[in-house]
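The data block below is target.txt; it holds compact mmCIF, C-alpha atoms.
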```txt
# COMPACT_ATOMS: atom_id res chain seq x y z
CA MET A 1 22.71 -44.11 -10.98
CA GLN A 2 21.43 -43.98 -7.39
CA ILE A 3 22.76 -40.45 -7.08
CA LEU A 4 20.69 -39.36 -10.11
CA ILE A 5 17.59 -40.99 -8.67
CA ARG A 6 18.15 -39.24 -5.33
CA TYR A 7 18.67 -35.87 -7.01
CA SER A 8 15.65 -36.33 -9.24
CA ARG A 9 13.53 -36.58 -6.09
CA VAL A 10 15.18 -33.63 -4.36
CA LEU A 11 15.29 -31.19 -7.28
CA PRO A 12 11.51 -30.63 -7.61
CA ALA A 13 11.24 -29.96 -3.87
CA LEU A 14 14.22 -27.61 -4.02
CA ALA A 15 12.76 -25.80 -7.03
CA ALA A 16 9.42 -25.35 -5.23
CA LEU A 17 11.20 -24.06 -2.13
CA LEU A 18 13.20 -21.53 -4.17
CA PHE A 19 10.07 -20.43 -6.03
CA PHE A 20 8.18 -19.71 -2.82
CA ALA A 21 11.19 -18.12 -1.13
CA CYS A 22 11.66 -15.74 -4.04
CA SER A 23 8.01 -14.86 -4.48
CA SER A 24 6.90 -11.36 -3.51
CA SER A 25 3.87 -12.52 -1.55
CA ARG A 26 5.45 -11.95 1.84
CA PRO A 27 5.26 -8.47 3.35
CA PRO A 28 8.37 -6.24 3.21
CA LEU A 29 11.08 -6.77 5.82
CA THR A 30 12.87 -3.41 5.41
CA PRO A 31 11.71 0.18 4.84
CA GLU A 32 13.46 0.16 1.46
CA GLU A 33 11.64 -3.01 0.47
CA ALA A 34 8.33 -1.54 1.71
CA PHE A 35 8.93 1.55 -0.45
CA GLY A 36 9.59 -0.65 -3.51
CA VAL A 37 6.51 -2.80 -2.98
CA MET A 38 4.34 0.30 -2.43
CA LYS A 39 5.82 1.83 -5.59
CA LYS A 40 4.80 -1.26 -7.59
CA ALA A 41 1.32 -1.32 -6.05
CA TYR A 42 0.76 2.35 -6.91
CA ALA A 43 2.13 1.91 -10.43
CA ALA A 44 -0.25 -1.01 -10.97
CA GLU A 45 -3.08 1.06 -9.45
CA ASN A 46 -3.82 -1.86 -7.16
CA PRO A 47 -5.78 -0.55 -4.14
CA ARG A 48 -5.90 -3.99 -2.50
CA ALA A 49 -2.11 -4.21 -2.54
CA VAL A 50 -1.80 -0.62 -1.30
CA ALA A 51 -4.23 -1.36 1.57
CA SER A 52 -2.20 -4.43 2.56
CA LEU A 53 0.91 -2.24 2.87
CA LEU A 54 -0.69 0.32 5.18
CA SER A 55 -0.05 0.41 8.90
CA ALA A 56 -2.80 -0.60 11.31
CA LYS A 57 -3.11 3.05 12.35
CA SER A 58 -3.56 4.12 8.71
CA ARG A 59 -6.21 1.44 8.10
CA ALA A 60 -8.03 2.57 11.26
CA ARG A 61 -8.01 6.17 9.99
CA ILE A 62 -9.52 5.02 6.70
CA ARG A 63 -12.23 3.06 8.56
CA ASP A 64 -12.99 6.21 10.60
CA ILE A 65 -13.32 8.29 7.42
CA ILE A 66 -15.62 5.66 5.91
CA ALA A 67 -17.75 5.62 9.08
CA MET A 68 -18.04 9.42 9.03
CA THR A 69 -19.00 9.33 5.35
CA MET A 70 -21.62 6.67 5.96
CA SER A 71 -23.08 8.70 8.85
CA LEU A 72 -23.87 11.64 6.56
CA ASP A 73 -27.52 12.28 5.85
CA GLU A 74 -28.64 11.79 2.27
CA ARG A 75 -28.46 15.49 1.36
CA ARG A 76 -24.87 15.83 2.58
CA LEU A 77 -23.84 12.57 0.98
CA ARG A 78 -25.22 13.77 -2.39
CA ALA A 79 -23.43 17.12 -1.96
CA LEU A 80 -20.13 15.40 -1.20
CA ALA A 81 -20.56 13.01 -4.15
CA SER A 82 -21.36 15.92 -6.45
CA ARG A 83 -18.35 17.86 -5.25
CA ILE A 84 -15.91 15.03 -5.96
CA GLY A 85 -17.71 13.87 -9.11
CA VAL A 86 -18.91 10.41 -8.14
CA ASP A 87 -22.26 8.70 -7.80
CA PRO A 88 -23.62 8.90 -4.22
CA THR A 89 -24.07 5.11 -4.17
CA GLU A 90 -20.31 4.78 -4.64
CA LEU A 91 -19.79 6.60 -1.34
CA GLY A 92 -22.44 4.60 0.47
CA GLY A 93 -20.68 1.27 0.06
CA LEU A 94 -17.06 2.23 0.66
CA THR A 95 -14.54 -0.34 1.82
CA PRO A 96 -10.90 0.46 2.64
CA GLU A 97 -9.88 -0.80 -0.82
CA SER A 98 -12.59 1.19 -2.65
CA TYR A 99 -11.72 4.27 -0.57
CA ILE A 100 -8.07 3.96 -1.62
CA ALA A 101 -9.13 3.42 -5.25
CA LEU A 102 -11.30 6.54 -5.08
CA GLN A 103 -8.48 8.58 -3.52
CA MET A 104 -6.06 7.40 -6.20
CA LYS A 105 -8.56 8.21 -8.95
CA LEU A 106 -9.34 11.69 -7.60
CA ALA A 107 -5.67 12.55 -7.01
CA LYS A 108 -4.84 11.45 -10.55
CA GLN A 109 -7.70 13.50 -12.02
CA MET A 110 -6.58 16.56 -10.09
CA ASN A 111 -2.91 15.89 -10.91
CA ASP A 112 -2.27 16.18 -7.19
CA ASP A 113 -1.03 12.82 -5.92
CA ALA A 114 1.88 13.56 -3.60
CA VAL A 115 2.33 9.91 -2.63
CA ARG A 116 2.46 8.75 -6.26
CA HIS A 117 4.93 11.51 -7.03
CA ALA A 118 7.15 10.59 -4.08
CA LEU A 119 7.03 6.92 -5.02
CA SER A 120 8.23 7.76 -8.53
CA CYS A 121 11.44 9.21 -7.09
CA ASP A 122 14.64 7.52 -5.98
CA ILE A 123 15.49 6.95 -2.33
CA ILE A 124 18.35 9.11 -1.12
CA GLU A 125 18.22 8.40 2.61
CA ILE A 126 16.53 6.15 5.16
CA LYS A 127 16.46 7.22 8.80
CA ARG A 128 15.45 4.61 11.36
CA ASP A 129 14.37 5.32 14.89
CA GLY A 130 13.28 2.11 16.59
CA ASN A 131 10.10 0.85 14.92
CA ARG A 132 9.77 3.96 12.77
CA ALA A 133 11.58 4.92 9.59
CA SER A 134 11.54 7.88 7.28
CA VAL A 135 12.35 7.32 3.62
CA ARG A 136 13.56 10.50 1.95
CA VAL A 137 13.40 10.66 -1.83
CA ASP A 138 15.22 12.87 -4.31
CA ASN A 139 12.42 15.45 -4.55
CA GLY A 140 12.83 16.15 -0.81
CA MET A 141 9.68 14.37 0.38
CA GLU A 142 9.84 12.00 3.32
CA LEU A 143 7.54 9.00 3.58
CA PRO A 144 6.93 7.50 7.04
CA PHE A 145 7.03 3.75 7.62
CA VAL A 146 6.39 1.80 10.79
CA LYS A 147 7.43 -1.69 11.77
CA GLU A 148 4.54 -3.96 12.77
CA GLY A 149 5.86 -7.31 13.90
CA PRO A 150 8.65 -8.22 11.48
CA TYR A 151 7.15 -6.21 8.58
CA TRP A 152 7.38 -2.58 7.52
CA LYS A 153 4.19 -0.71 6.60
CA PHE A 154 3.48 2.68 5.09
CA ASP A 155 2.07 5.07 7.69
CA LEU A 156 -0.20 7.64 6.09
CA ASP A 157 0.72 10.87 7.78
CA TRP A 158 -2.46 12.98 7.86
```

Mind turning the file's structure into structure tokens?
Amino acid sequence: MQILIRYSRVLPALAALLFFACSSSRPPLTPEEAFGVMKKAYAAENPRAVASLLSAKSRARIRDIIAMTMSLDERRLRALASRIGVDPTELGGLTPESYIALQMKLAKQMNDDAVRHALSCDIIEIKRDGNRASVRVDNGMELPFVKEGPYWKFDLDW
């Protein structure tokens, strides 16, 4: 009887521990895992999740692009908005997440989303070189990843 009482106290704690250990809320620990998480984020069209999987260098590039966009005078901002088919106010208040959402939307409209296409393929090879990795998929594309701390992040290669 005492054994059952002891286990009845331990089981909920063990269940909670297993639940949190198996949850996907932690960042990816391998390039293959990073590829899979990015694939899910793209498939769900979740720009916040995509942004969280980008390297610090990639996020800095996006912030630079946003800063350049916000520095445009009104005439140029309207011209850019017209060219890509969005309201100028949408460009004026860009955040990294809204920038990624806009990029995903435009690439989808133009049927020209190389990242989405690569993420829909299967991995055929992973090459690691220190804190960098290249994930090659079956259409021949290679996606760069970089290790930041213990986690692997997608490194937009512009």

Within 8 Å of region 32-50 of chain A, which residues of region 118-148 of chain A come that close, and what is the closest atom pair and distance in Å for each? Count all atoms listed in the file and give it as a Markdown table.
```
| residue | atom | partner | partner_atom | distance |
| --- | --- | --- | --- | --- |
| A:Leu119 | CA | A:Lys39 | CA | 5.3 |
| A:Ser120 | CA | A:Lys39 | CA | 7.0 |
| A:Ile126 | CA | A:Glu32 | CA | 7.7 |
| A:Val135 | CA | A:Glu32 | CA | 7.6 |
```

Rank nothing, just name the residue among A:Leu53, A:Ala118, A:Ala60, A:Leu91 nearest to Glu74 (chain A), using all atoms listed in the file.
A:Leu91

Could you state the separation of CA of Leu156 (chain A) and CA of Leu80 (chain A) in Å, given to one decimal place?
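Taking CA of Leu156 (chain A) and CA of Leu80 (chain A), their separation equals 22.6 Å.
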
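In this model, the gap between CA of Asp73 (chain A) and CA of Gly92 (chain A) comes to 10.7 Å.
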
Shell of 9 Å around Asn131 (chain A), all atoms listed in the file, local chain residues under 2 positions omitted, as a PyMOL selection string:
chain A and resi 128-129+133+145-148+152

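For the atom pair formed by CA of Ile100 (chain A) and CA of Arg59 (chain A), the distance is 10.2 Å, given to one decimal.
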
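Using all atoms listed in the file, the smallest distance between any of A:Ala81, A:Asp87, A:Asn139, A:Ser98 and Ile62 (chain A) comes from A:Ser98.
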
Using only C-alpha atoms for the distances, tell me which of A:Lys105, A:Lys153, A:Arg136, A:Arg83 is nearest to Asp122 (chain A).
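Closest residue, counting only C-alpha atoms: A:Arg136.
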
Between A:His117, A:Gln109, A:Asp155, A:Ser134, single out the one closest to Arg61 (chain A), counting only C-alpha atoms.
A:Asp155

Which residue gives the smallest distance to Leu106 (chain A) among A:Ala67, A:Leu54, A:Leu72, A:Ile84, with all atoms listed in the file counted?
A:Ile84

Taking only C-alpha atoms into account, which of A:Ala101, A:Ile66, A:Met141, A:Ala79 comes nearest Cys121 (chain A)?
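For Cys121 (chain A), the nearest of the given residues is A:Met141.
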
Would you give the centre and edge lengths, in Å to one decimal, of a box along x, y and z around the listed atoms of region 141-156 of chain A, with 5 Å added to each side, as JSON?
```
{"center_x": 4.8, "center_y": 3.1, "center_z": 7.1, "size_x": 20.0, "size_y": 32.6, "size_z": 23.5}
```
